[in-house]
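Novice: Enclosed is the structure file model15.cif (mmCIF, C-alpha atoms).
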data_model
loop_
_atom_site.label_atom_id
_atom_site.label_comp_id
_atom_site.auth_asym_id
_atom_site.auth_seq_id
_atom_site.Cartn_x
_atom_site.Cartn_y
_atom_site.Cartn_z
CA MET A 10 -120.27 35.43 -31.63
CA THR A 11 -120.29 34.59 -35.32
CA MET A 12 -121.12 36.42 -38.50
CA GLN A 13 -124.30 35.62 -40.36
CA ASP A 14 -124.23 32.94 -43.03
CA HIS A 15 -122.15 34.32 -45.91
CA ASP A 16 -124.66 32.97 -48.44
CA GLU A 17 -127.18 35.54 -47.25
CA ALA A 18 -125.16 38.41 -48.69
CA PRO A 19 -126.28 39.38 -52.22
CA ALA A 20 -123.69 39.67 -54.96
CA ILE A 21 -122.12 43.03 -55.52
CA ALA A 22 -120.50 43.55 -58.91
CA SER A 23 -118.35 46.58 -58.20
CA ALA A 24 -117.92 48.81 -55.18
CA PHE A 25 -117.27 51.81 -57.40
CA ASN A 26 -120.34 51.31 -59.55
CA LEU A 27 -122.84 50.70 -56.78
CA THR A 28 -123.99 52.96 -54.01
CA ARG A 29 -122.51 52.89 -50.55
CA ARG A 30 -125.92 51.88 -49.22
CA ARG A 31 -126.05 48.83 -51.50
CA ILE A 32 -122.52 47.86 -50.51
CA LEU A 33 -123.51 47.97 -46.87
CA LEU A 34 -126.66 45.98 -47.61
CA GLY A 35 -124.33 43.40 -49.08
CA ALA A 36 -122.55 43.07 -45.74
CA ALA A 37 -123.39 40.44 -43.16
CA SER A 38 -123.29 42.03 -39.72
CA ALA A 39 -122.30 40.37 -36.47
CA THR A 40 -124.23 40.64 -33.23
CA LEU A 41 -123.49 44.01 -31.65
CA LEU A 42 -121.50 44.41 -28.50
CA ALA A 43 -123.22 43.73 -25.20
CA THR A 44 -123.50 46.45 -22.55
CA PRO A 45 -120.50 45.40 -20.38
CA ALA A 46 -118.08 45.70 -23.30
CA ARG A 47 -119.63 49.00 -24.28
CA ARG A 48 -118.58 50.31 -20.88
CA ALA A 49 -115.13 48.77 -21.24
CA LEU A 50 -114.33 50.81 -24.34
CA ALA A 51 -115.79 54.02 -22.97
CA GLN A 52 -112.34 55.57 -23.26
CA ALA A 53 -112.41 54.86 -27.00
CA ARG A 54 -115.55 56.88 -27.58
CA VAL A 55 -113.61 60.09 -27.87
CA THR A 56 -114.62 63.67 -28.32
CA VAL A 57 -112.50 64.84 -31.20
CA THR A 58 -112.19 68.37 -29.82
CA GLU A 59 -110.41 67.23 -26.66
CA GLY A 60 -106.81 68.36 -27.02
CA ASN A 61 -105.46 65.98 -24.37
CA PHE A 62 -106.83 62.79 -25.93
CA GLN A 63 -104.45 59.84 -26.14
CA PRO A 64 -104.81 57.83 -29.38
CA ILE A 65 -106.30 54.35 -28.97
CA PRO A 66 -103.75 51.52 -29.38
CA ILE A 67 -105.16 49.21 -32.04
CA ALA A 68 -103.70 46.08 -33.65
CA ILE A 69 -104.37 45.47 -37.35
CA PRO A 70 -102.75 42.24 -38.63
CA ASN A 71 -102.66 41.54 -42.36
CA PHE A 72 -105.93 40.12 -43.62
CA VAL A 73 -105.68 36.34 -43.91
CA PRO A 74 -105.58 35.11 -47.53
CA GLY A 75 -108.59 32.95 -48.23
CA THR A 76 -107.03 31.36 -51.31
CA GLN A 77 -103.55 31.20 -52.72
CA GLY A 78 -102.54 34.50 -54.29
CA ASP A 79 -104.75 36.72 -52.10
CA GLY A 80 -101.98 37.58 -49.63
CA ASP A 81 -100.98 40.82 -51.35
CA VAL A 82 -104.57 42.08 -51.37
CA GLY A 83 -105.01 41.14 -47.70
CA ALA A 84 -101.82 42.97 -46.76
CA GLY A 85 -102.88 45.95 -48.86
CA ILE A 86 -106.30 46.21 -47.18
CA SER A 87 -104.67 46.03 -43.76
CA GLN A 88 -102.14 48.72 -44.70
CA VAL A 89 -104.80 51.13 -46.02
CA ILE A 90 -106.87 50.69 -42.82
CA THR A 91 -103.74 51.23 -40.71
CA ASN A 92 -102.80 54.40 -42.61
CA ASN A 93 -106.35 55.80 -42.45
CA LEU A 94 -106.68 55.29 -38.70
CA ARG A 95 -103.18 56.59 -37.98
CA ARG A 96 -103.70 59.74 -40.07
CA SER A 97 -106.94 60.47 -38.22
CA GLY A 98 -104.87 61.08 -35.08
CA LEU A 99 -107.37 59.16 -32.94
CA PHE A 100 -105.69 55.76 -33.21
CA ALA A 101 -102.18 54.45 -32.61
CA PRO A 102 -101.74 51.31 -34.75
CA ILE A 103 -99.27 48.93 -33.14
CA ASP A 104 -96.23 47.84 -35.17
CA GLN A 105 -96.84 44.34 -36.55
CA ALA A 106 -93.35 43.35 -35.41
CA ALA A 107 -94.68 43.48 -31.83
CA PHE A 108 -97.45 40.96 -32.47
CA ILE A 109 -97.17 37.74 -30.47
CA GLU A 110 -100.03 35.86 -32.10
CA ARG A 111 -100.28 35.14 -35.81
CA ILE A 112 -103.90 35.30 -36.95
CA SER A 113 -104.61 32.40 -39.31
CA ASN A 114 -108.37 31.87 -38.89
CA ILE A 115 -110.69 34.80 -38.23
CA ASP A 116 -113.59 32.46 -37.39
CA VAL A 117 -111.81 31.52 -34.15
CA ALA A 118 -111.58 34.01 -31.28
CA PRO A 119 -108.07 35.42 -30.87
CA GLN A 120 -105.96 34.70 -27.81
CA PHE A 121 -106.75 37.96 -26.06
CA GLN A 122 -103.94 37.71 -23.51
CA ASN A 123 -101.46 37.95 -26.40
CA TRP A 124 -102.98 41.27 -27.46
CA ARG A 125 -103.38 42.63 -23.93
CA SER A 126 -99.68 42.05 -23.35
CA ILE A 127 -98.82 44.51 -26.14
CA ASN A 128 -101.40 47.02 -24.81
CA ALA A 129 -103.87 46.68 -27.70
CA GLN A 130 -107.28 48.08 -26.75
CA ALA A 131 -108.86 46.98 -30.04
CA LEU A 132 -108.00 44.32 -32.61
CA VAL A 133 -109.05 44.04 -36.25
CA THR A 134 -108.93 40.64 -37.95
CA GLY A 135 -109.89 40.02 -41.55
CA ARG A 136 -109.78 37.76 -44.56
CA ALA A 137 -109.62 38.43 -48.31
CA THR A 138 -110.86 35.63 -50.58
CA ARG A 139 -111.15 35.44 -54.37
CA GLN A 140 -114.49 33.85 -55.24
CA GLY A 141 -115.11 31.35 -58.02
CA ASP A 142 -116.89 34.02 -60.07
CA GLY A 143 -113.87 36.35 -59.81
CA ARG A 144 -115.24 38.65 -57.14
CA LEU A 145 -113.33 39.53 -54.01
CA LYS A 146 -114.88 38.78 -50.64
CA ALA A 147 -113.46 40.89 -47.81
CA GLU A 148 -114.43 40.15 -44.20
CA PHE A 149 -113.44 41.81 -40.96
CA ARG A 150 -114.10 41.58 -37.23
CA LEU A 151 -113.45 44.28 -34.64
CA TRP A 152 -112.63 43.03 -31.14
CA ASP A 153 -112.66 44.69 -27.72
CA VAL A 154 -109.42 43.28 -26.30
CA PRO A 155 -109.90 44.14 -22.58
CA GLN A 156 -113.36 42.54 -22.54
CA ALA A 157 -112.53 39.73 -24.99
CA GLN A 158 -115.66 40.40 -27.03
CA GLN A 159 -116.46 41.10 -30.65
CA LEU A 160 -117.75 44.59 -31.35
CA THR A 161 -118.84 44.16 -34.94
CA GLY A 162 -118.06 42.25 -38.10
CA GLN A 163 -119.07 42.52 -41.74
CA GLN A 164 -118.30 41.07 -45.14
CA TYR A 165 -118.28 42.68 -48.57
CA PHE A 166 -118.28 41.41 -52.14
CA THR A 167 -116.71 43.56 -54.84
CA ALA A 168 -114.62 43.58 -58.00
CA PRO A 169 -110.96 42.84 -57.14
CA GLU A 170 -109.75 46.23 -58.38
CA SER A 171 -112.01 47.93 -55.80
CA TRP A 172 -110.15 46.54 -52.78
CA ARG A 173 -108.90 49.97 -51.71
CA ARG A 174 -112.44 51.29 -51.49
CA ILE A 175 -113.48 48.32 -49.34
CA ALA A 176 -110.53 49.17 -47.06
CA HIS A 177 -111.86 52.73 -46.73
CA ILE A 178 -115.38 51.48 -45.92
CA ILE A 179 -114.00 49.11 -43.27
CA SER A 180 -111.97 52.01 -41.85
CA ASP A 181 -115.18 54.03 -41.56
CA GLN A 182 -116.89 51.16 -39.74
CA ILE A 183 -114.05 50.89 -37.22
CA TYR A 184 -113.87 54.66 -36.73
CA GLU A 185 -117.60 54.95 -36.12
CA ARG A 186 -117.78 51.95 -33.78
CA LEU A 187 -114.94 53.19 -31.57
CA THR A 188 -115.56 56.95 -31.60
CA GLY A 189 -119.32 57.30 -32.05
CA GLU A 190 -118.67 59.67 -35.00
CA LYS A 191 -119.25 58.94 -38.67
CA GLY A 192 -116.06 58.21 -40.58
CA TYR A 193 -114.77 60.10 -43.60
CA PHE A 194 -112.37 57.70 -45.32
CA ASP A 195 -114.68 56.56 -48.15
CA SER A 196 -114.57 59.95 -49.82
CA ARG A 197 -112.73 61.90 -52.51
CA VAL A 198 -111.07 65.27 -52.87
CA VAL A 199 -111.10 67.42 -55.99
CA PHE A 200 -108.32 69.98 -56.27
CA VAL A 201 -106.32 72.12 -58.68
CA ASP A 202 -103.12 70.35 -59.75
CA GLU A 203 -100.35 72.82 -60.58
CA THR A 204 -97.28 72.09 -62.69
CA GLY A 205 -94.62 74.07 -64.51
CA PRO A 206 -92.72 77.26 -63.64
CA LYS A 207 -94.52 79.72 -61.40
CA GLU A 208 -94.91 82.36 -64.12
CA ARG A 209 -96.39 79.81 -66.55
CA ARG A 210 -98.20 77.46 -64.20
CA VAL A 211 -100.50 74.90 -65.81
CA LYS A 212 -103.59 74.23 -63.68
CA ARG A 213 -105.71 71.11 -64.15
CA LEU A 214 -108.63 69.80 -62.18
CA ALA A 215 -107.70 66.54 -60.47
CA MET A 216 -109.47 64.12 -58.16
CA MET A 217 -108.13 61.57 -55.68
CA ASP A 218 -109.16 59.42 -52.76
CA GLN A 219 -108.94 61.31 -49.48
CA ASP A 220 -105.61 59.60 -48.72
CA GLY A 221 -103.99 60.77 -51.96
CA ALA A 222 -104.39 57.51 -53.92
CA ASN A 223 -106.06 57.00 -57.32
CA VAL A 224 -105.30 60.44 -58.73
CA ARG A 225 -106.98 61.17 -62.04
CA TYR A 226 -107.18 64.35 -64.09
CA LEU A 227 -110.50 65.88 -65.07
CA THR A 228 -109.27 68.67 -67.39
CA ARG A 229 -106.29 68.93 -69.74
CA GLY A 230 -104.86 72.25 -68.58
CA ALA A 231 -105.59 74.27 -71.72
CA ASP A 232 -107.55 76.86 -69.73
CA LEU A 233 -107.19 78.22 -66.21
CA VAL A 234 -109.47 76.45 -63.70
CA LEU A 235 -110.35 77.62 -60.19
CA THR A 236 -112.51 76.83 -57.15
CA PRO A 237 -113.84 73.31 -57.82
CA ARG A 238 -116.65 72.34 -55.44
CA PHE A 239 -118.44 69.02 -54.92
CA SER A 240 -122.19 68.65 -54.95
CA PRO A 241 -123.48 67.47 -51.54
CA SER A 242 -125.92 65.10 -53.22
CA THR A 243 -124.33 63.80 -56.45
CA GLN A 244 -120.90 62.99 -57.89
CA GLU A 245 -120.79 66.33 -59.68
CA ILE A 246 -118.51 69.29 -59.28
CA THR A 247 -118.89 72.92 -60.23
CA TYR A 248 -115.87 75.02 -61.10
CA MET A 249 -114.66 78.19 -62.81
CA GLU A 250 -112.82 78.18 -66.12
CA PHE A 251 -111.09 81.16 -67.68
CA GLY A 252 -110.53 80.63 -71.38
CA GLN A 253 -111.15 82.99 -74.25
CA GLY A 254 -113.80 85.56 -73.46
CA ASP A 255 -115.95 85.66 -70.33
CA PRO A 256 -115.38 83.32 -67.40
CA ARG A 257 -117.58 80.25 -67.42
CA VAL A 258 -119.09 78.16 -64.65
CA TYR A 259 -119.18 74.46 -65.49
CA LEU A 260 -120.85 71.38 -64.08
CA LEU A 261 -118.83 68.18 -64.45
CA ASN A 262 -119.99 64.64 -63.69
CA VAL A 263 -116.85 62.98 -62.33
CA GLU A 264 -118.09 59.47 -63.16
CA THR A 265 -119.09 60.00 -66.79
CA GLY A 266 -116.82 62.93 -67.67
CA GLN A 267 -119.78 64.82 -69.12
CA ARG A 268 -119.78 68.54 -68.52
CA GLU A 269 -122.14 71.39 -69.24
CA ILE A 270 -121.90 75.15 -69.06
CA VAL A 271 -123.98 76.68 -66.30
CA GLY A 272 -123.49 80.07 -67.86
CA ASN A 273 -121.18 82.70 -69.31
CA PHE A 274 -120.96 85.72 -67.04
CA PRO A 275 -119.79 89.21 -68.00
CA GLY A 276 -116.99 90.51 -65.85
CA MET A 277 -115.74 88.20 -63.13
CA SER A 278 -117.50 85.38 -61.33
CA PHE A 279 -116.18 83.65 -58.24
CA SER A 280 -116.61 80.67 -55.95
CA PRO A 281 -119.65 78.77 -57.24
CA ARG A 282 -121.02 76.35 -54.62
CA PHE A 283 -123.95 73.95 -54.57
CA SER A 284 -127.00 74.15 -52.37
CA PRO A 285 -127.43 71.15 -50.03
CA ASP A 286 -129.96 69.53 -52.39
CA GLY A 287 -127.65 69.99 -55.38
CA GLN A 288 -130.36 71.83 -57.33
CA ARG A 289 -128.89 75.34 -57.16
CA ILE A 290 -125.52 77.01 -57.17
CA ILE A 291 -124.63 80.22 -55.42
CA MET A 292 -121.88 82.55 -56.64
CA SER A 293 -120.67 86.13 -56.64
CA LEU A 294 -120.67 88.24 -59.78
CA GLN A 295 -118.56 91.35 -60.19
CA GLN A 296 -120.29 94.37 -61.64
CA GLY A 297 -118.11 97.44 -61.84
CA GLY A 298 -116.19 97.94 -58.60
CA ASN A 299 -118.39 95.73 -56.44
CA SER A 300 -119.69 92.18 -56.46
CA ASN A 301 -122.94 90.68 -55.23
CA LEU A 302 -124.33 87.24 -54.52
CA PHE A 303 -126.60 85.41 -56.92
CA VAL A 304 -128.24 81.98 -56.83
CA MET A 305 -129.06 80.01 -59.99
CA ASP A 306 -131.56 77.19 -60.34
CA LEU A 307 -129.76 74.52 -62.36
CA ARG A 308 -132.92 73.23 -64.02
CA SER A 309 -134.48 76.49 -65.16
CA LYS A 310 -131.20 78.47 -65.31
CA SER A 311 -133.07 81.36 -63.68
CA THR A 312 -130.90 83.62 -61.51
CA THR A 313 -131.94 85.47 -58.36
CA ARG A 314 -129.95 88.33 -56.86
CA LEU A 315 -129.44 88.01 -53.09
CA THR A 316 -127.37 91.09 -52.18
CA ASP A 317 -127.29 94.60 -53.59
CA THR A 318 -124.59 96.67 -51.92
CA PRO A 319 -121.69 98.87 -53.05
CA ALA A 320 -119.35 96.41 -51.32
CA ILE A 321 -117.61 93.23 -52.42
CA ASP A 322 -119.71 90.24 -51.33
CA THR A 323 -118.11 86.92 -52.21
CA SER A 324 -117.33 83.31 -51.13
CA PRO A 325 -120.89 82.26 -50.24
CA SER A 326 -121.61 78.87 -48.63
CA PHE A 327 -124.96 77.33 -47.67
CA SER A 328 -125.70 75.91 -44.23
CA PRO A 329 -126.39 72.15 -44.36
CA ASP A 330 -130.15 72.69 -43.99
CA GLY A 331 -130.15 75.24 -46.81
CA ALA A 332 -131.76 77.92 -44.63
CA ARG A 333 -128.80 80.30 -44.32
CA ILE A 334 -125.75 81.51 -46.20
CA VAL A 335 -122.38 82.53 -44.84
CA PHE A 336 -120.27 84.86 -46.98
CA GLU A 337 -117.38 87.30 -46.99
CA SER A 338 -117.96 91.04 -47.37
CA ASP A 339 -115.98 94.24 -46.97
CA ARG A 340 -119.12 96.30 -46.37
CA GLY A 341 -117.72 97.22 -42.94
CA GLY A 342 -114.39 98.44 -44.30
CA LYS A 343 -112.37 95.22 -44.47
CA PRO A 344 -113.30 91.61 -45.26
CA GLN A 345 -115.40 90.02 -42.51
CA ILE A 346 -117.81 87.09 -42.29
CA TYR A 347 -121.59 87.58 -42.43
CA VAL A 348 -124.59 85.26 -42.20
CA MET A 349 -127.99 85.87 -43.78
CA ALA A 350 -131.11 83.96 -44.80
CA ALA A 351 -130.77 81.91 -47.98
CA THR A 352 -133.43 84.11 -49.56
CA GLY A 353 -131.39 87.28 -48.98
CA GLY A 354 -132.22 90.25 -46.77
CA GLY A 355 -130.39 91.55 -43.74
CA ALA A 356 -127.00 90.07 -42.89
CA GLN A 357 -125.42 89.66 -39.46
CA ARG A 358 -121.69 90.08 -39.01
CA ILE A 359 -120.20 87.22 -36.98
CA SER A 360 -116.40 87.84 -37.11
CA PHE A 361 -114.94 90.44 -34.76
CA GLY A 362 -111.31 89.46 -34.17
CA ASP A 363 -108.27 91.39 -35.30
CA GLY A 364 -107.41 91.12 -38.99
CA SER A 365 -109.56 90.21 -41.97
CA TYR A 366 -111.63 87.07 -42.56
CA SER A 367 -112.32 85.30 -45.85
CA THR A 368 -113.31 82.03 -47.61
CA PRO A 369 -115.95 80.90 -45.07
CA VAL A 370 -117.42 77.41 -45.45
CA TRP A 371 -120.11 75.76 -43.38
CA SER A 372 -119.43 72.37 -41.77
CA PRO A 373 -121.57 69.46 -43.03
CA ARG A 374 -122.69 69.03 -39.40
CA GLY A 375 -123.77 72.66 -39.18
CA ASP A 376 -121.88 73.27 -35.94
CA TYR A 377 -118.93 75.30 -37.25
CA ILE A 378 -117.87 77.68 -39.99
CA ALA A 379 -114.25 77.43 -41.17
CA PHE A 380 -112.44 80.49 -42.50
CA THR A 381 -109.13 82.02 -43.53
CA LYS A 382 -107.88 84.84 -41.28
CA GLN A 383 -105.16 87.28 -42.26
CA GLY A 384 -103.31 89.58 -39.87
CA GLY A 385 -99.86 90.30 -38.52
CA GLY A 386 -98.21 88.75 -41.57
CA GLN A 387 -99.89 85.40 -40.89
CA PHE A 388 -102.56 83.44 -42.72
CA SER A 389 -104.55 81.29 -40.31
CA ILE A 390 -107.18 78.60 -40.76
CA GLY A 391 -109.80 78.70 -38.03
CA ILE A 392 -113.34 77.78 -37.08
CA MET A 393 -116.16 79.52 -35.21
CA LYS A 394 -119.73 78.71 -34.34
CA PRO A 395 -122.42 80.09 -36.68
CA ASP A 396 -123.18 82.89 -34.22
CA GLY A 397 -119.51 83.94 -34.20
CA SER A 398 -118.69 82.53 -30.76
CA GLY A 399 -115.96 80.02 -29.94
CA GLU A 400 -113.41 81.20 -32.50
CA ARG A 401 -110.47 78.79 -32.62
CA ILE A 402 -107.34 79.07 -34.77
CA LEU A 403 -106.34 75.63 -36.03
CA THR A 404 -103.08 76.49 -37.78
CA SER A 405 -101.10 79.59 -38.76
CA GLY A 406 -98.30 80.23 -41.21
CA TYR A 407 -97.47 81.77 -44.53
CA HIS A 408 -100.38 81.80 -46.95
CA ASN A 409 -102.80 79.19 -45.62
CA GLU A 410 -106.09 79.36 -47.50
CA GLY A 411 -109.17 77.57 -48.78
CA PRO A 412 -110.57 75.39 -45.96
CA THR A 413 -112.90 72.49 -46.77
CA PHE A 414 -114.52 70.08 -44.31
CA ALA A 415 -114.41 66.28 -44.31
CA PRO A 416 -117.87 64.69 -44.62
CA ASN A 417 -118.07 64.15 -40.85
CA GLY A 418 -117.14 67.77 -40.08
CA ARG A 419 -114.23 66.76 -37.84
CA VAL A 420 -111.26 67.39 -40.15
CA VAL A 421 -110.41 70.44 -42.26
CA MET A 422 -108.29 70.35 -45.43
CA PHE A 423 -106.62 73.51 -46.77
CA PHE A 424 -103.68 74.55 -48.93
CA ARG A 425 -100.46 76.25 -47.91
CA ASP A 426 -98.09 78.00 -50.31
CA LEU A 427 -94.57 77.99 -48.90
CA GLY A 428 -93.01 79.73 -51.90
CA PRO A 429 -92.25 77.26 -54.71
CA GLY A 430 -95.87 76.15 -54.87
CA PRO A 431 -98.89 75.14 -52.78
CA SER A 432 -99.50 71.83 -50.99
CA LEU A 433 -102.54 70.32 -49.27
CA PHE A 434 -102.77 69.74 -45.52
CA THR A 435 -105.33 68.47 -43.03
CA VAL A 436 -105.90 69.38 -39.39
CA ASP A 437 -108.66 68.30 -37.02
CA ILE A 438 -111.04 70.83 -35.52
CA SER A 439 -109.23 70.81 -32.19
CA GLY A 440 -106.08 72.09 -33.93
CA ARG A 441 -104.30 68.76 -33.46
CA ASN A 442 -102.70 66.38 -35.91
CA GLU A 443 -101.69 68.55 -38.86
CA GLN A 444 -100.77 66.30 -41.80
CA LYS A 445 -99.51 66.93 -45.31
CA VAL A 446 -101.65 65.25 -47.98
CA PRO A 447 -99.63 63.50 -50.71
CA THR A 448 -100.24 64.82 -54.24
CA PRO A 449 -98.29 64.31 -57.49
CA GLY A 450 -97.17 67.95 -57.62
CA PHE A 451 -98.28 71.32 -56.35
CA ALA A 452 -101.95 71.43 -55.33
CA SER A 453 -104.45 74.07 -54.26
CA ASP A 454 -108.20 74.76 -53.87
CA PRO A 455 -109.21 71.41 -52.31
CA ALA A 456 -112.87 70.44 -51.97
CA TRP A 457 -113.92 67.34 -50.04
CA SER A 458 -116.72 65.16 -51.40
CA PRO A 459 -119.53 63.72 -49.30
CA LEU A 460 -119.25 60.04 -48.47
CA LEU A 461 -119.47 58.16 -51.77
CA SER A 462 -122.97 57.12 -52.78
#
Please re-express this file's structure in structure tokens.

Specialist:
Amino acid sequence: MTMQDHDEAPAIASAFNLTRRRILLGAASATLLATPARRALAQARVTVTEGNFQPIPIAIPNFVPGTQGDGDVGAGISQVITNNLRRSGLFAPIDQAAFIERISNIDVAPQFQNWRSINAQALVTGRATRQGDGRLKAEFRLWDVPQAQQLTGQQYFTAPESWRRIAHIISDQIYERLTGEKGYFDSRVVFVDETGPKERRVKRLAMMDQDGANVRYLTRGADLVLTPRFSPSTQEITYMEFGQGDPRVYLLNVETGQREIVGNFPGMSFSPRFSPDGQRIIMSLQQGGNSNLFVMDLRSKSTTRLTDTPAIDTSPSFSPDGARIVFESDRGGKPQIYVMAATGGGAQRISFGDGSYSTPVWSPRGDYIAFTKQGGGQFSIGIMKPDGSGERILTSGYHNEGPTFAPNGRVVMFFRDLGPGPSLFTVDISGRNEQKVPTPGFASDPAWSPLLS
């Protein structure tokens, strides 16, 4: 099997400045795997929630340099793919020191017996070439080693400085082809970066790739910032800022740096989140001793009240179809999780375990709601189905809080404060594979972006 003629792929100026769809349209795809090989890798099409799953052994040699001087980029792409797949917990990249064959030409089929002998179930080969016009061309092929067949292959054209993003996109392609699930590597995380002594902590909004690379700061730290949240449909975030006077809710375009005030709100305002279409935000406003939920249309700035109770209703989150809202309320005596129609009205309690429940957030897939649970001196991160069934604790410890889902709904990020300051962690929805996320300093309030577009 061979890839399509490279000349068919249109030029792509920059992976960061063009949409994911256009990048993929710029890829030349190989013939898909035939049915026999599909059966051969049946064990690789995993269900992420299976706790007894054994990671897939996969070999990822350095991408072959297409021209002199491209070796570092090729090695970098390979390393990012390796790290992404390893951190997912579903793959076991094989140490390159064990490789028998040295890949020098990706247009020639590998010697599969060399890869079978080191127990590789899948093999990734690739090439990074600097073009005459300065662009980088990155190509890869994914091979089924037991069946000696190519699964898929694509090529991408981009600006050289965007090589890390191409590595994330290739990681997503491999993940999806071998698991049947969408990947989540070509995404970002916005969070609150915390520096300085605990009693005088400076908090700035920061954004990074999901693996902790490319950190950049979105605010200067002059005012307190809280609860950043990504739009599901645009590269915008909404967040709270406490400066002089009333708290403000802001919208910030992370590409242009432009921001606008959604509104100044008397008293306190918490946890603004976008609707799935990005046209509204929902939040809780404190009025006296209680707080209620309100939704604001971002175009007209009109606000609609959704709850009217003497309780504290807070932390609202839309379902992916926009039809329902999950939120936290102490209307039953202590904080629990409730679900109601997005237009308001009666609410159904869905949490019934011991302890209190808070910070609910709906999965992008719609199948789970993540939450923070407090009880017995422990703070736990868990998930349950939208009807309250199937509650599962993913991790417990001292002061875990603030869950946010990866774009594919299969990984949850949260923050844990162990005393000196908070750090970010991920865990998959089976409770396996807890990982610390690298950040420059202390970090809290993470929010995962959708796949970049």

Novice: Which residue out of A:Gln219, A:Gln159, A:Ser113, A:Gln253 has the minimum interatomic distance to Phe200 (chain A) when only C-alpha atoms are used?

Specialist: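 Looking only at the distances to Phe200 (chain A), the closest residue turns out to be A:Gln219.
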
Novice: Do you have the CA of Ile291 (chain A)-CA of Thr236 (chain A) distance handy?

Specialist: 12.7 Å

Novice: List as a list in words the protein and nucleic acid residues near Asp202 (chain A), meaning an atom at most 7 Å away when all atoms listed in the file are counted, but skip any in the same chain fewer than 5 places from it.

Specialist: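 Here the qualifying residues turn out to be Lys212, Arg213, Leu214, Ala215, Gly450, Phe451, Ala452 and Ser453 of chain A.
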
Novice: Using only C-alpha atoms, please write the residues we just selected to a file, as a compact mmCIF listing (two decimals), in the frame of the given file.

Specialist:
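selection.txt, written as the output of this step:
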# COMPACT_ATOMS: atom_id res chain seq x y z
CA LYS A 212 -103.59 74.23 -63.68
CA ARG A 213 -105.71 71.11 -64.15
CA LEU A 214 -108.63 69.80 -62.18
CA ALA A 215 -107.70 66.54 -60.47
CA GLY A 450 -97.17 67.95 -57.62
CA PHE A 451 -98.28 71.32 -56.35
CA ALA A 452 -101.95 71.43 -55.33
CA SER A 453 -104.45 74.07 -54.26

Novice: Would you pick out the contacts of Asn417 (chain A) at 9 Å or less, using all atoms listed in the file, so that residues sharing its chain but fewer than 3 positions from it are not included, and give the list as a PDB file with C-alpha atoms, in the coordinates of the input?

Specialist:
ATOM      1  CA  GLU A 190    -118.670  59.670 -35.000  1.00  0.00           C
ATOM      2  CA  LYS A 191    -119.250  58.940 -38.670  1.00  0.00           C
ATOM      3  CA  GLY A 192    -116.060  58.210 -40.580  1.00  0.00           C
ATOM      4  CA  TYR A 193    -114.770  60.100 -43.600  1.00  0.00           C
ATOM      5  CA  SER A 372    -119.430  72.370 -41.770  1.00  0.00           C
ATOM      6  CA  PRO A 373    -121.570  69.460 -43.030  1.00  0.00           C
ATOM      7  CA  ARG A 374    -122.690  69.030 -39.400  1.00  0.00           C
ATOM      8  CA  PHE A 414    -114.520  70.080 -44.310  1.00  0.00           C
ATOM      9  CA  VAL A 420    -111.260  67.390 -40.150  1.00  0.00           C
ATOM     10  CA  PRO A 459    -119.530  63.720 -49.300  1.00  0.00           C
ATOM     11  CA  LEU A 460    -119.250  60.040 -48.470  1.00  0.00           C
TER      12      LEU A 460
END

Novice: I'd like to know which of A:Gln345, A:Ser280, A:Asn262, A:Ser97 is closest to Met249 (chain A), using only C-alpha atoms.

Specialist: A:Ser280

Novice: Selection in question (the file shown): the PyMOL selection byres ((chain A and resi 183) around 9). Which residues does it include, as a ChimeraX atom specification?

Specialist: /A:94,133,151,161,178-182,184-188,192

Novice: Can you pull out the residues contacting Glu148 (chain A)? Cut-off 7 Å, using only C-alpha atoms, and skip same-chain residues under 2 positions away; I want them as a list in words.

Specialist: Gly135, Arg136, Ala137, Lys146, Gln163, Gln164 and Tyr165 of chain A

Novice: Could you tell me, as a VMD selection string, exactly which residues end up selected when the PyMOL selection byres ((chain A and resi 334-341) around 8) is applied to this structure?

Specialist: chain A and resid 318 to 328 331 to 333 342 to 351 366 to 371

Novice: Assuming the chain letters and numbering stay as they are in my file, what does the PyMOL selection byres ((chain A and resi 288) around 12) actually select? List them as a list in words.

Specialist: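 Selected by the PyMOL selection byres ((chain A and resi 288) around 12) here: Ser240, Pro241, Ser242, Thr243, Glu245, Thr247, Leu260, Arg282, Phe283, Ser284, Pro285, Asp286, Gly287, Arg289, Ile290, Ile291, Val304, Met305, Asp306, Leu307, Arg308, Ser309, Lys310, Ser311 and Gly331 of chain A.
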
Novice: Looking at A:Ile112, A:Ile127, A:Leu315, A:Leu132, which one is nearest to Ile67 (chain A), with distances taken over all atoms listed in the file?

Specialist: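 Ranking A:Ile112, A:Ile127, A:Leu315, A:Leu132 by distance to Ile67 (chain A), first place goes to A:Leu132.
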
Novice: Would you mind listing what lies within 9 Å of region 399-413 of chain A as a PyMOL selection string, with all atoms listed in the file counted and same-chain residues fewer than 2 positions away left out?

Specialist: chain A and resi 360+362+367-372+379-383+386-394+396-397+415+420-428+431+436-441+443+453-457

Novice: Take CA of Ser293 (chain A) and CA of Pro281 (chain A) and report the distance between them in Å, one decimal.

Specialist: 7.5 Å

Novice: Step by step, gather every atom of region 102-111 of chain A that the file lists, find the box along x, y and z that holds them, add 8 Å on each side, and finally give centre and edge lengths in Å to one decimal, as AutoDock Vina command-line options.

Specialist:
--center_x -97.5 --center_y 43.2 --center_z -33.5 --size_x 24.4 --size_y 32.2 --size_z 22.1

Novice: So, with all atoms listed in the file as the atoms that count, which of A:Ile115, A:Ala131, A:Ala168, A:Val446 lies closest to Ala101 (chain A)?

Specialist: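 Of A:Ile115, A:Ala131, A:Ala168, A:Val446, the one nearest Ala101 (chain A), counting all atoms listed in the file, is A:Ala131.
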